>>> print(open('coords13.pdb').read())   # PDB, C-alpha atoms
ATOM      1  CA  MET U   1     107.294 140.539  88.135
ATOM      2  CA  THR U   2     104.102 140.431  86.124
ATOM      3  CA  VAL U   3     103.761 137.102  84.316
ATOM      4  CA  THR U   4     102.053 137.549  80.941
ATOM      5  CA  GLU U   5     103.112 134.211  79.403
ATOM      6  CA  PRO U   6     102.852 130.905  81.275
ATOM      7  CA  ALA U   7     106.384 129.842  80.306
ATOM      8  CA  GLN U   8     107.652 132.809  82.395
ATOM      9  CA  MET U   9     106.352 131.378  85.693
ATOM     10  CA  ASN U  10     109.453 129.458  86.735
ATOM     11  CA  GLU U  11     111.786 132.369  86.102
ATOM     12  CA  ALA U  12     109.354 134.657  87.910
ATOM     13  CA  PHE U  13     109.350 132.338  90.933
ATOM     14  CA  ALA U  14     113.146 132.364  91.065
ATOM     15  CA  GLN U  15     113.224 136.169  90.814
ATOM     16  CA  ALA U  16     110.595 136.472  93.545
ATOM     17  CA  PHE U  17     112.583 134.101  95.768
ATOM     18  CA  ASN U  18     115.792 136.014  95.144
ATOM     19  CA  SER U  19     114.049 139.251  96.154
ATOM     20  CA  ARG U  20     113.469 137.630  99.589
ATOM     21  CA  ASN U  21     110.039 139.293  99.676
ATOM     22  CA  ILE U  22     107.152 136.992 100.628
ATOM     23  CA  ASP U  23     104.612 139.257  98.900
ATOM     24  CA  ASN U  24     106.449 138.825  95.589
ATOM     25  CA  LEU U  25     106.152 135.041  95.939
ATOM     26  CA  LEU U  26     102.506 135.072  97.027
ATOM     27  CA  ALA U  27     101.561 137.310  94.083
ATOM     28  CA  LEU U  28     102.283 134.307  91.848
ATOM     29  CA  TYR U  29      99.532 132.155  93.432
ATOM     30  CA  GLU U  30      95.755 132.130  93.177
ATOM     31  CA  VAL U  31      93.982 132.721  96.491
ATOM     32  CA  ASP U  32      93.001 129.047  96.852
ATOM     33  CA  ALA U  33      96.071 127.526  95.179
ATOM     34  CA  VAL U  34      97.585 124.206  96.246
ATOM     35  CA  LEU U  35     101.264 123.744  97.121
ATOM     36  CA  ARG U  36     103.092 120.466  97.695
ATOM     37  CA  VAL U  37     106.754 120.583  98.607
ATOM     38  CA  ASP U  38     107.756 116.930  98.814
ATOM     39  CA  GLY U  39     106.663 113.379  98.052
ATOM     40  CA  SER U  40     104.063 113.222 100.815
ATOM     41  CA  GLU U  41     100.385 113.730 100.155
ATOM     42  CA  ARG U  42     100.322 116.859 102.330
ATOM     43  CA  SER U  43      98.748 119.726 100.420
ATOM     44  CA  LEU U  44      98.942 123.320 101.561
ATOM     45  CA  ILE U  45      95.794 125.071 100.395
ATOM     46  CA  GLY U  46      95.291 128.823 100.283
ATOM     47  CA  LEU U  47      97.605 131.788 100.631
ATOM     48  CA  ASP U  48      97.945 131.602 104.429
ATOM     49  CA  ALA U  49      99.180 128.015 104.381
ATOM     50  CA  ILE U  50     101.386 128.669 101.361
ATOM     51  CA  ALA U  51     102.831 131.812 102.982
ATOM     52  CA  SER U  52     103.825 129.853 106.068
ATOM     53  CA  GLU U  53     105.714 127.292 103.960
ATOM     54  CA  LEU U  54     107.332 129.889 101.702
ATOM     55  CA  GLN U  55     108.530 131.910 104.713
ATOM     56  CA  GLY U  56     110.564 128.857 105.658
ATOM     57  CA  LEU U  57     111.885 128.546 102.115
ATOM     58  CA  LEU U  58     113.051 132.153 102.207
ATOM     59  CA  GLN U  59     115.350 131.223 105.099
ATOM     60  CA  ALA U  60     117.365 128.947 102.780
ATOM     61  CA  SER U  61     120.637 130.414 101.638
ATOM     62  CA  GLY U  62     121.596 130.744  98.027
ATOM     63  CA  THR U  63     120.402 132.232  94.782
ATOM     64  CA  MET U  64     117.674 130.387  92.910
ATOM     65  CA  THR U  65     117.550 129.653  89.208
ATOM     66  CA  SER U  66     114.704 127.794  87.534
ATOM     67  CA  ARG U  67     114.728 126.539  83.962
ATOM     68  CA  ASN U  68     111.429 125.774  82.275
ATOM     69  CA  ASN U  69     111.566 122.419  80.455
ATOM     70  CA  PHE U  70     108.177 122.607  78.844
ATOM     71  CA  CYS U  71     104.962 124.556  78.806
ATOM     72  CA  VAL U  72     101.847 122.911  77.418
ATOM     73  CA  GLN U  73      99.119 125.512  77.111
ATOM     74  CA  HIS U  74      95.462 124.933  76.335
ATOM     75  CA  SER U  75      93.254 127.993  76.411
ATOM     76  CA  ASP U  76      93.551 129.553  79.892
ATOM     77  CA  VAL U  77      95.547 126.775  81.591
ATOM     78  CA  ALA U  78      99.095 125.520  81.165
ATOM     79  CA  LEU U  79     101.153 122.630  82.494
ATOM     80  CA  LEU U  80     104.780 123.400  83.331
ATOM     81  CA  ARG U  81     107.844 121.414  84.312
ATOM     82  CA  ALA U  82     111.056 122.984  85.533
ATOM     83  CA  ASP U  83     114.437 122.198  87.070
ATOM     84  CA  TRP U  84     115.466 124.522  89.871
ATOM     85  CA  GLU U  85     118.439 124.930  92.128
ATOM     86  CA  LEU U  86     119.802 127.087  94.908
ATOM     87  CA  ARG U  87     123.501 127.924  94.649
ATOM     88  CA  ALA U  88     125.736 129.363  97.336
ATOM     89  CA  GLN U  89     128.080 132.252  96.548
ATOM     90  CA  ASP U  90     130.904 129.766  96.016
ATOM     91  CA  GLY U  91     128.842 128.033  93.310
ATOM     92  CA  SER U  92     128.037 124.924  95.309
ATOM     93  CA  ILE U  93     124.485 123.595  95.087
ATOM     94  CA  VAL U  94     122.528 124.098  98.314
ATOM     95  CA  ALA U  95     119.321 122.422  97.065
ATOM     96  CA  SER U  96     117.822 121.338  93.760
ATOM     97  CA  GLY U  97     114.719 119.696  92.371
ATOM     98  CA  SER U  98     112.319 119.305  89.502
ATOM     99  CA  SER U  99     108.855 120.792  89.745
ATOM    100  CA  VAL U 100     105.548 120.467  87.967
ATOM    101  CA  GLU U 101     102.880 123.180  88.019
ATOM    102  CA  LEU U 102      99.466 124.033  86.696
ATOM    103  CA  VAL U 103      98.927 127.733  86.016
ATOM    104  CA  ARG U 104      95.853 129.665  84.922
ATOM    105  CA  ARG U 105      95.357 132.929  83.068
ATOM    106  CA  GLN U 106      93.628 135.512  85.244
ATOM    107  CA  SER U 107      90.984 137.992  84.102
ATOM    108  CA  ASP U 108      93.682 140.703  83.843
ATOM    109  CA  GLY U 109      95.783 138.527  81.498
ATOM    110  CA  THR U 110      98.420 137.543  84.054
ATOM    111  CA  TRP U 111      99.176 133.946  85.031
ATOM    112  CA  ARG U 112      99.182 132.418  88.521
ATOM    113  CA  TYR U 113      99.778 129.039  90.079
ATOM    114  CA  VAL U 114      96.734 126.856  90.688
ATOM    115  CA  ILE U 115      98.845 123.827  91.678
ATOM    116  CA  ASP U 116     102.555 123.979  92.457
ATOM    117  CA  HIS U 117     104.383 120.737  93.228
ATOM    118  CA  ALA U 118     107.965 121.729  93.964
ATOM    119  CA  ALA U 119     109.262 118.141  93.813
ATOM    120  CA  GLY U 120     106.598 116.598  91.578
ATOM    121  CA  ALA U 121     108.767 115.927  88.554
ATOM    122  CA  ALA U 122     111.584 114.355  90.568
ATOM    123  CA  LEU U 123     109.655 111.808  92.606
ATOM    124  CA  PRO U 124     110.661 108.177  92.182
ATOM    125  CA  ARG U 125     108.573 106.023  89.926
ATOM    126  CA  ILE U 126     106.077 103.759  91.693
ATOM    127  CA  ILE U 127     106.019 100.248  90.314
TER     128      ILE U 127
END
>>> encode(input="coords13.pdb", output="structure tokens")
Amino acid sequence: MTVTEPAQMNEAFAQAFNSRNIDNLLALYEVDAVLRVDGSERSLIGLDAIASELQGLLQASGTMTSRNNFCVQHSDVALLRADWELRAQDGSIVASGSSVELVRRQSDGTWRYVIDHAAGAALPRII
């Protein structure tokens, strides 16, 4: 899926996941993008590291949906927040979370992830 509006990113990610094709997922990221998948400070940088993590994700069962909660765009960058879930065929939730992402418009007009934090919007508040 070609993403021509930043608010389409979360739906595009879910469609790419549901295709079970790693190349479809990687096409959504800049070459030196950053991915975080949990509350740790471990960052995966670059397509090779991201591919390794996403290959594991593709082993998860279920169909993904992702609903964009907001998109704040300024010029060629946008901040996104989404709620996502994986559902089994029987409708039960396999996994869910809330993500936050920074995306950037590319020279061809498409949008790609610069920073993707799959759990960033669901982390507990630090007091």
>>> residues_around(input="coords13.pdb", residues="stretch 24-33 of chain U", least_positions_apart="6", cutoff="7 Å", atoms="all atoms listed in the file", output="list of chain:residue names")
U:Phe13, U:Ala16, U:Phe17, U:Ile45, U:Gly46, U:Leu47, U:Ala51, U:Arg112, U:Tyr113, U:Val114, U:Ile115
>>> closest_residue(input="coords13.pdb", among="U:Ala78, U:Val72, U:Ala12, U:Val34", to="U:Arg105", atoms="all atoms listed in the file")
U:Ala78
>>> axis_aligned_box(input="coords13.pdb", around="stretch 26-36 of chain U", padding_each_side="4 Å", output="lines of an AutoDock Vina configuration file")
center_x = 98.0
center_y = 128.9
center_z = 94.8
size_x = 18.1
size_y = 24.8
size_z = 13.8
>>> closest_residue(input="coords13.pdb", among="U:Arg36, U:Ser96, U:Arg67, U:Ala88", to="U:Gln8", atoms="all atoms listed in the file")
U:Arg67
>>> resolve_selection(input="coords13.pdb", expression="the PyMOL selection byres ((chain U and resi 94) around 9)", output="list of chain:residue names")
U:Ala60, U:Ser61, U:Gly62, U:Glu85, U:Leu86, U:Arg87, U:Ala88, U:Gly91, U:Ser92, U:Ile93, U:Ala95, U:Ser96
>>> build_atoms(input="coords13.pdb", residues="stretch 17-48 of chain U", atoms="N, CA and C atoms", output="JSON list (two decimals), in the frame of the given file")
[["chain", "number", "residue", "atom", "x", "y", "z"],
["U", 17, "PHE", "N", 111.81, 134.68, 94.67],
["U", 17, "PHE", "CA", 112.58, 134.10, 95.77],
["U", 17, "PHE", "C", 113.83, 134.94, 96.03],
["U", 18, "ASN", "N", 114.54, 135.26, 94.99],
["U", 18, "ASN", "CA", 115.79, 136.01, 95.14],
["U", 18, "ASN", "C", 115.57, 137.42, 95.70],
["U", 19, "SER", "N", 114.37, 137.95, 95.56],
["U", 19, "SER", "CA", 114.05, 139.25, 96.15],
["U", 19, "SER", "C", 113.90, 139.15, 97.67],
["U", 20, "ARG", "N", 113.68, 137.91, 98.15],
["U", 20, "ARG", "CA", 113.47, 137.63, 99.59],
["U", 20, "ARG", "C", 112.25, 138.36, 100.15],
["U", 21, "ASN", "N", 111.27, 138.59, 99.28],
["U", 21, "ASN", "CA", 110.04, 139.29, 99.68],
["U", 21, "ASN", "C", 108.87, 138.32, 99.53],
["U", 22, "ILE", "N", 108.25, 137.96, 100.64],
["U", 22, "ILE", "CA", 107.15, 136.99, 100.63],
["U", 22, "ILE", "C", 105.99, 137.46, 99.75],
["U", 23, "ASP", "N", 105.72, 138.75, 99.71],
["U", 23, "ASP", "CA", 104.61, 139.26, 98.90],
["U", 23, "ASP", "C", 104.87, 139.02, 97.41],
["U", 24, "ASN", "N", 106.13, 139.10, 96.99],
["U", 24, "ASN", "CA", 106.45, 138.82, 95.59],
["U", 24, "ASN", "C", 106.16, 137.37, 95.25],
["U", 25, "LEU", "N", 106.46, 136.46, 96.17],
["U", 25, "LEU", "CA", 106.15, 135.04, 95.94],
["U", 25, "LEU", "C", 104.65, 134.80, 95.94],
["U", 26, "LEU", "N", 103.95, 135.32, 96.91],
["U", 26, "LEU", "CA", 102.51, 135.07, 97.03],
["U", 26, "LEU", "C", 101.72, 135.65, 95.86],
["U", 27, "ALA", "N", 102.24, 136.70, 95.24],
["U", 27, "ALA", "CA", 101.56, 137.31, 94.08],
["U", 27, "ALA", "C", 101.50, 136.35, 92.90],
["U", 28, "LEU", "N", 102.28, 135.28, 92.94],
["U", 28, "LEU", "CA", 102.28, 134.31, 91.85],
["U", 28, "LEU", "C", 101.23, 133.21, 92.02],
["U", 29, "TYR", "N", 100.50, 133.21, 93.13],
["U", 29, "TYR", "CA", 99.53, 132.16, 93.43],
["U", 29, "TYR", "C", 98.10, 132.67, 93.45],
["U", 30, "GLU", "N", 97.17, 131.83, 92.98],
["U", 30, "GLU", "CA", 95.76, 132.13, 93.18],
["U", 30, "GLU", "C", 95.44, 132.03, 94.66],
["U", 31, "VAL", "N", 94.36, 132.67, 95.09],
["U", 31, "VAL", "CA", 93.98, 132.72, 96.49],
["U", 31, "VAL", "C", 93.81, 131.32, 97.09],
["U", 32, "ASP", "N", 93.24, 130.40, 96.34],
["U", 32, "ASP", "CA", 93.00, 129.05, 96.85],
["U", 32, "ASP", "C", 93.91, 128.00, 96.20],
["U", 33, "ALA", "N", 95.10, 128.42, 95.83],
["U", 33, "ALA", "CA", 96.07, 127.53, 95.18],
["U", 33, "ALA", "C", 96.48, 126.40, 96.12],
["U", 34, "VAL", "N", 97.08, 125.36, 95.51],
["U", 34, "VAL", "CA", 97.58, 124.21, 96.25],
["U", 34, "VAL", "C", 99.09, 124.14, 96.05],
["U", 35, "LEU", "N", 99.82, 123.91, 97.16],
["U", 35, "LEU", "CA", 101.26, 123.74, 97.12],
["U", 35, "LEU", "C", 101.63, 122.43, 97.79],
["U", 36, "ARG", "N", 102.46, 121.64, 97.09],
["U", 36, "ARG", "CA", 103.09, 120.47, 97.70],
["U", 36, "ARG", "C", 104.59, 120.66, 97.56],
["U", 37, "VAL", "N", 105.32, 120.32, 98.63],
["U", 37, "VAL", "CA", 106.75, 120.58, 98.61],
["U", 37, "VAL", "C", 107.60, 119.32, 98.60],
["U", 38, "ASP", "N", 106.98, 118.16, 98.78],
["U", 38, "ASP", "CA", 107.76, 116.93, 98.81],
["U", 38, "ASP", "C", 106.91, 115.77, 98.29],
["U", 39, "GLY", "N", 107.35, 114.56, 98.56],
["U", 39, "GLY", "CA", 106.66, 113.38, 98.05],
["U", 39, "GLY", "C", 105.49, 112.91, 98.89],
["U", 40, "SER", "N", 105.21, 113.60, 99.99],
["U", 40, "SER", "CA", 104.06, 113.22, 100.82],
["U", 40, "SER", "C", 102.78, 113.68, 100.13],
["U", 41, "GLU", "N", 101.68, 113.30, 100.70],
["U", 41, "GLU", "CA", 100.38, 113.73, 100.16],
["U", 41, "GLU", "C", 99.85, 114.95, 100.88],
["U", 42, "ARG", "N", 100.71, 115.66, 101.59],
["U", 42, "ARG", "CA", 100.32, 116.86, 102.33],
["U", 42, "ARG", "C", 100.22, 118.04, 101.38],
["U", 43, "SER", "N", 99.01, 118.56, 101.27],
["U", 43, "SER", "CA", 98.75, 119.73, 100.42],
["U", 43, "SER", "C", 98.52, 120.95, 101.29],
["U", 44, "LEU", "N", 99.17, 122.03, 100.92],
["U", 44, "LEU", "CA", 98.94, 123.32, 101.56],
["U", 44, "LEU", "C", 97.99, 124.09, 100.66],
["U", 45, "ILE", "N", 96.85, 124.46, 101.20],
["U", 45, "ILE", "CA", 95.79, 125.07, 100.40],
["U", 45, "ILE", "C", 95.53, 126.49, 100.88],
["U", 46, "GLY", "N", 95.58, 127.43, 99.96],
["U", 46, "GLY", "CA", 95.29, 128.82, 100.28],
["U", 46, "GLY", "C", 96.54, 129.61, 100.62],
["U", 47, "LEU", "N", 96.43, 130.91, 100.48],
["U", 47, "LEU", "CA", 97.60, 131.79, 100.63],
["U", 47, "LEU", "C", 98.21, 131.77, 102.03],
["U", 48, "ASP", "N", 97.39, 131.61, 103.07],
["U", 48, "ASP", "CA", 97.94, 131.60, 104.43],
["U", 48, "ASP", "C", 98.85, 130.40, 104.63]]
